[in-house]
Amino acid sequence: MLKIVHLLNENAVRVATKYAAAHSFLSPTSRLRRNSLTHCCAIALLMFSTSLLAAEPVSAIRFSERIYSSTGIFPSKLAVFADCVERPRIFGKVEQSLYQIDLPAGTSCTVRVGEWDWNSLPIAVEDAAVTVALPILVYPREVPEPTLARELVEMGKEDQALRGKRWRTNDPEFLNRVQADDGARQQRLAEIIAAKGWPALSMVGWEAANAAWLIAQHSPAARLKPWLFLMQEAAAKHEIAPYNLATSIDRVLVYDNRKQLYGTQYRTRADGGNEPYPSEDMDQLDHRRLRMGLPINVPAKAL
């Protein structure tokens with residue numbers, strides 16, 4: 001971009017010079033008008049080139065981390081790409097078991113690794129300037145439990161359906177309905193876990209695994225606490241999104257009236273606004289959030 005701007009500046013001067021030489025026979029008055037026009041043309045070109053320089057995008061931020069395979073078999077060909085808000089798809093490169101991609105700062109992106117027969121955990125990057133790269137798990141698109149995956153996806157949609165409507169905390173009938181529906185899904189999830197174990201990414205795929213987490217996240221403490229141990233075991237194998245795990249850890253801590261670790265849980269104030277529950281060791285909050293794929297500079301820092 002700098003090279004283009006310099007060429008435009010040089011051309012502006014060159015055009016003005018040639019124009020003056022070509023019209024040297026003009027009268028003094030005409031030459032004055034010609035010089036004024038030449039000067040304006042040069043200034044216009046210079047302003048245009050300067051605007052290009054001012055519009056030059058901020059340097060991209062490089063994200064690079066390991067890729068893990070749930071099967072132990074690493075695909076021979078993989079692509080890494082990012083879908084960012086109001087931008088064309090960005091592609092990076094994969095070398096052996098590492099991905100590398102340059103992301104724009106100040107833009108929300110989702111990073112994935114995959115190819116025709118393989119999929120991956122999507123990594124949400126709200127702003128590359130305040131987030132760090134995370135390892136990515138790849139798994140076969142043909143998951144071993146497709147029927148279970150479809151069931152979990154439907155359960156996840158049901159979980160979000162009521163929550164997508166206006167939350168009526170002062171309506172006992174509405175709250176009782178939510179509690180009953182949640183209880184039925186949680187009971188089914190308990191049956192699935194008893195029979196199959198925790199619904200991991202490589203078992204049911206990302207969408208279904210995320211649905212299982214949503215159902216668990218909305219469970220009471222008695223159910224969420226033992227499920228949290230299963231989530232932590234899955235996290236050790238990169239089988240659950242780190243930011244999901246962080247949210248569940250905070251939920252359990254809040255249930256126990258303890259300070260949260262990652263600043264993900266909020267409460268309603270008397271005036272109707274929201275505020276984060278207290279967090280442990282505020283000086284290290286950003287560091288902990290980054291390790292779990294959460295952005296820094298959250299309102300919890302002000303607590």
# chains A, B, ... in the order shown; residues from 1 in each chain; ligands from 1
$ closest_atom_pairs --of "stretch 66-163 of chain A" --to "stretch 216-219 of chain A" --cutoff "12 Å" --atoms "only C-alpha atoms" --output "Markdown table"
| residue | atom | partner | partner_atom | distance |
| --- | --- | --- | --- | --- |
| A:Leu152 | CA | A:Ala216 | CA | 11.7 |
| A:Met155 | CA | A:Ala216 | CA | 11.4 |
| A:Gly156 | CA | A:Ala216 | CA | 10.4 |
| A:Asp159 | CA | A:His218 | CA | 8.8 |
| A:Gln160 | CA | A:His218 | CA | 10.6 |
| A:Arg163 | CA | A:His218 | CA | 10.9 |
$ closest_atom_pairs --of "stretch 67-150 of chain A" --to "stretch 178-193 of chain A" --cutoff "12 Å" --atoms "only C-alpha atoms" --output "JSON lines"
{"residue": "A:Glu145", "atom": "CA", "partner": "A:Ile192", "partner_atom": "CA", "distance": 11.4}
{"residue": "A:Thr147", "atom": "CA", "partner": "A:Ile192", "partner_atom": "CA", "distance": 12.0}
{"residue": "A:Leu148", "atom": "CA", "partner": "A:Ile192", "partner_atom": "CA", "distance": 8.5}
{"residue": "A:Ala149", "atom": "CA", "partner": "A:Ile192", "partner_atom": "CA", "distance": 11.0}
$ closest_residue --among "A:Asn119, A:Thr268, A:Ser97, A:Gln260" --to "A:Leu285" --atoms "only C-alpha atoms"
A:Gln260
$ residues_around --residues "stretch 76-87 of chain A" --least-positions-apart "6" --cutoff "8 Å" --atoms "only C-alpha atoms" --output "MDAnalysis selection string"
chainID A and resid 93:94 99:101 103 107:115
$ residues_around --residues "A:Thr247" --least-positions-apart "2" --cutoff "8 Å" --atoms "only C-alpha atoms" --output "MDAnalysis selection string"
chainID A and resid 243:245 249:251 262 264:265
$ write_last_selection --atoms "N, CA, C and O atoms" --output "mmCIF file, in the first residue's frame"
data_model
loop_
_atom_site.group_PDB
_atom_site.id
_atom_site.type_symbol
_atom_site.label_atom_id
_atom_site.label_comp_id
_atom_site.auth_asym_id
_atom_site.auth_seq_id
_atom_site.Cartn_x
_atom_site.Cartn_y
_atom_site.Cartn_z
ATOM 1 N N TYR A 243 -14.482 -22.533 26.494
ATOM 2 C CA TYR A 243 -15.317 -21.458 27.028
ATOM 3 C C TYR A 243 -16.615 -22.013 27.626
ATOM 4 O O TYR A 243 -17.165 -21.437 28.557
ATOM 5 N N ASN A 244 -17.097 -23.143 27.105
ATOM 6 C CA ASN A 244 -18.251 -23.793 27.719
ATOM 7 C C ASN A 244 -17.889 -24.346 29.095
ATOM 8 O O ASN A 244 -18.649 -24.206 30.058
ATOM 9 N N LEU A 245 -16.731 -24.987 29.173
ATOM 10 C CA LEU A 245 -16.277 -25.524 30.454
ATOM 11 C C LEU A 245 -16.129 -24.404 31.480
ATOM 12 O O LEU A 245 -16.548 -24.542 32.633
ATOM 13 N N ILE A 249 -17.965 -24.147 35.155
ATOM 14 C CA ILE A 249 -17.186 -24.028 36.393
ATOM 15 C C ILE A 249 -17.684 -22.838 37.204
ATOM 16 O O ILE A 249 -17.905 -22.939 38.417
ATOM 17 N N ASP A 250 -17.877 -21.708 36.532
ATOM 18 C CA ASP A 250 -18.384 -20.523 37.227
ATOM 19 C C ASP A 250 -19.771 -20.763 37.793
ATOM 20 O O ASP A 250 -20.099 -20.323 38.909
ATOM 21 N N ARG A 251 -20.625 -21.463 37.055
ATOM 22 C CA ARG A 251 -21.995 -21.705 37.524
ATOM 23 C C ARG A 251 -21.975 -22.521 38.819
ATOM 24 O O ARG A 251 -22.714 -22.210 39.765
ATOM 25 N N TYR A 262 -13.983 -17.030 36.003
ATOM 26 C CA TYR A 262 -13.870 -16.503 34.648
ATOM 27 C C TYR A 262 -14.820 -15.346 34.341
ATOM 28 O O TYR A 262 -14.847 -14.843 33.221
ATOM 29 N N THR A 264 -18.139 -15.189 34.036
ATOM 30 C CA THR A 264 -19.179 -15.475 33.039
ATOM 31 C C THR A 264 -20.597 -15.374 33.587
ATOM 32 O O THR A 264 -21.555 -15.330 32.810
ATOM 33 N N GLN A 265 -20.751 -15.340 34.911
ATOM 34 C CA GLN A 265 -22.086 -15.388 35.513
ATOM 35 C C GLN A 265 -22.527 -14.010 35.997
ATOM 36 O O GLN A 265 -21.753 -13.293 36.634
#
$ atom_distance --atom1 "atom CA of A:Ala234" --atom2 "atom CA of A:Leu253"
19.4 Å
$ closest_residue --among "A:Glu233, A:Asp117, A:Glu142, A:Asp271" --to "A:Gly197" --atoms "only C-alpha atoms"
A:Glu233
$ closest_residue --among "A:Met282, A:Val252, A:Leu290, A:Ile73" --to "A:Arg223" --atoms "only C-alpha atoms"
A:Val252
$ atom_distance --atom1 "atom CA of A:Lys237" --atom2 "atom CA of A:Ser69"
9.5 Å
$ closest_residue --among "A:Ile67, A:Leu175, A:Val153, A:Ala105" --to "A:Leu214" --atoms "only C-alpha atoms"
A:Val153
$ closest_atom_pairs --of "stretch 216-303 of chain A" --to "stretch 125-141 of chain A" --cutoff "9 Å" --atoms "only C-alpha atoms" --output "tab-separated table"
residue	atom	partner	partner_atom	distance
A:Lys237	CA	A:Leu137	CA	8.7
A:His238	CA	A:Leu137	CA	6.0
A:Glu239	CA	A:Leu137	CA	7.0
A:Ile240	CA	A:Leu137	CA	9.0
A:Pro242	CA	A:Leu134	CA	8.6
A:Arg289	CA	A:Thr131	CA	8.7
A:Leu290	CA	A:Thr131	CA	5.8
A:Arg291	CA	A:Val132	CA	7.3
A:Met292	CA	A:Leu134	CA	7.9
A:Gly293	CA	A:Thr131	CA	6.5
A:Leu294	CA	A:Thr131	CA	6.6
A:Pro295	CA	A:Thr131	CA	5.1
A:Ile296	CA	A:Val130	CA	5.7
A:Asn297	CA	A:Val130	CA	8.0
$ write_last_selection --atoms "N, CA, C and O atoms" --output "JSON list (two decimals), in the first residue's frame"
[["chain", "number", "residue", "atom", "x", "y", "z"],
["A", 237, "LYS", "N", -9.20, -34.05, 26.83],
["A", 237, "LYS", "CA", -9.03, -34.67, 25.50],
["A", 237, "LYS", "C", -9.46, -33.71, 24.39],
["A", 237, "LYS", "O", -9.61, -34.13, 23.25],
["A", 238, "HIS", "N", -9.68, -32.44, 24.73],
["A", 238, "HIS", "CA", -10.11, -31.41, 23.78],
["A", 238, "HIS", "C", -11.46, -31.77, 23.16],
["A", 238, "HIS", "O", -11.73, -31.45, 22.01],
["A", 239, "GLU", "N", -12.33, -32.41, 23.94],
["A", 239, "GLU", "CA", -13.62, -32.86, 23.47],
["A", 239, "GLU", "C", -14.77, -31.94, 23.87],
["A", 239, "GLU", "O", -15.93, -32.30, 23.73],
["A", 240, "ILE", "N", -14.46, -30.78, 24.41],
["A", 240, "ILE", "CA", -15.48, -29.80, 24.78],
["A", 240, "ILE", "C", -14.89, -28.42, 24.60],
["A", 240, "ILE", "O", -13.68, -28.23, 24.74],
["A", 242, "PRO", "N", -13.53, -25.00, 25.47],
["A", 242, "PRO", "CA", -13.02, -24.48, 26.74],
["A", 242, "PRO", "C", -13.90, -23.39, 27.34],
["A", 242, "PRO", "O", -14.06, -23.34, 28.56],
["A", 289, "ARG", "N", -9.26, -15.92, 31.60],
["A", 289, "ARG", "CA", -10.23, -15.87, 30.50],
["A", 289, "ARG", "C", -9.56, -16.22, 29.17],
["A", 289, "ARG", "O", -10.11, -16.97, 28.36],
["A", 290, "LEU", "N", -8.39, -15.67, 28.94],
["A", 290, "LEU", "CA", -7.70, -15.92, 27.68],
["A", 290, "LEU", "C", -7.40, -17.41, 27.50],
["A", 290, "LEU", "O", -7.50, -17.94, 26.40],
["A", 291, "ARG", "N", -7.02, -18.08, 28.58],
["A", 291, "ARG", "CA", -6.69, -19.50, 28.49],
["A", 291, "ARG", "C", -7.91, -20.34, 28.12],
["A", 291, "ARG", "O", -7.76, -21.45, 27.61],
["A", 292, "MET", "N", -9.10, -19.81, 28.36],
["A", 292, "MET", "CA", -10.32, -20.55, 28.05],
["A", 292, "MET", "C", -11.00, -20.03, 26.78],
["A", 292, "MET", "O", -12.15, -20.38, 26.49],
["A", 293, "GLY", "N", -10.33, -19.17, 26.05],
["A", 293, "GLY", "CA", -10.90, -18.65, 24.81],
["A", 293, "GLY", "C", -11.93, -17.57, 25.00],
["A", 293, "GLY", "O", -12.74, -17.30, 24.11],
["A", 294, "LEU", "N", -11.90, -16.90, 26.15],
["A", 294, "LEU", "CA", -12.81, -15.79, 26.42],
["A", 294, "LEU", "C", -12.06, -14.47, 26.25],
["A", 294, "LEU", "O", -10.89, -14.38, 26.59],
["A", 295, "PRO", "N", -12.72, -13.43, 25.74],
["A", 295, "PRO", "CA", -12.04, -12.14, 25.56],
["A", 295, "PRO", "C", -11.81, -11.43, 26.88],
["A", 295, "PRO", "O", -12.47, -11.70, 27.88],
["A", 296, "ILE", "N", -10.88, -10.51, 26.89],
["A", 296, "ILE", "CA", -10.60, -9.71, 28.09],
["A", 296, "ILE", "C", -11.46, -8.46, 28.07],
["A", 296, "ILE", "O", -12.29, -8.27, 27.19],
["A", 297, "ASN", "N", -11.23, -7.60, 29.10],
["A", 297, "ASN", "CA", -11.94, -6.32, 29.20],
["A", 297, "ASN", "C", -13.45, -6.50, 29.30],
["A", 297, "ASN", "O", -14.23, -5.86, 28.63]]
$ atom_distance --atom1 "atom CA of A:Gly273" --atom2 "atom CA of A:Arg288"
25.7 Å
$ select_by_dssp --residues "stretch 83-184 of chain A" --states "strand (DSSP E or B)" --output "JSON, numbers by chain"
{"A": [83, 84, 90, 91, 93, 94, 95, 98, 99, 100, 101, 102, 103, 109, 110, 111, 112, 113, 114, 115, 118, 119, 120, 123, 124, 125, 136, 137, 138, 139, 140]}
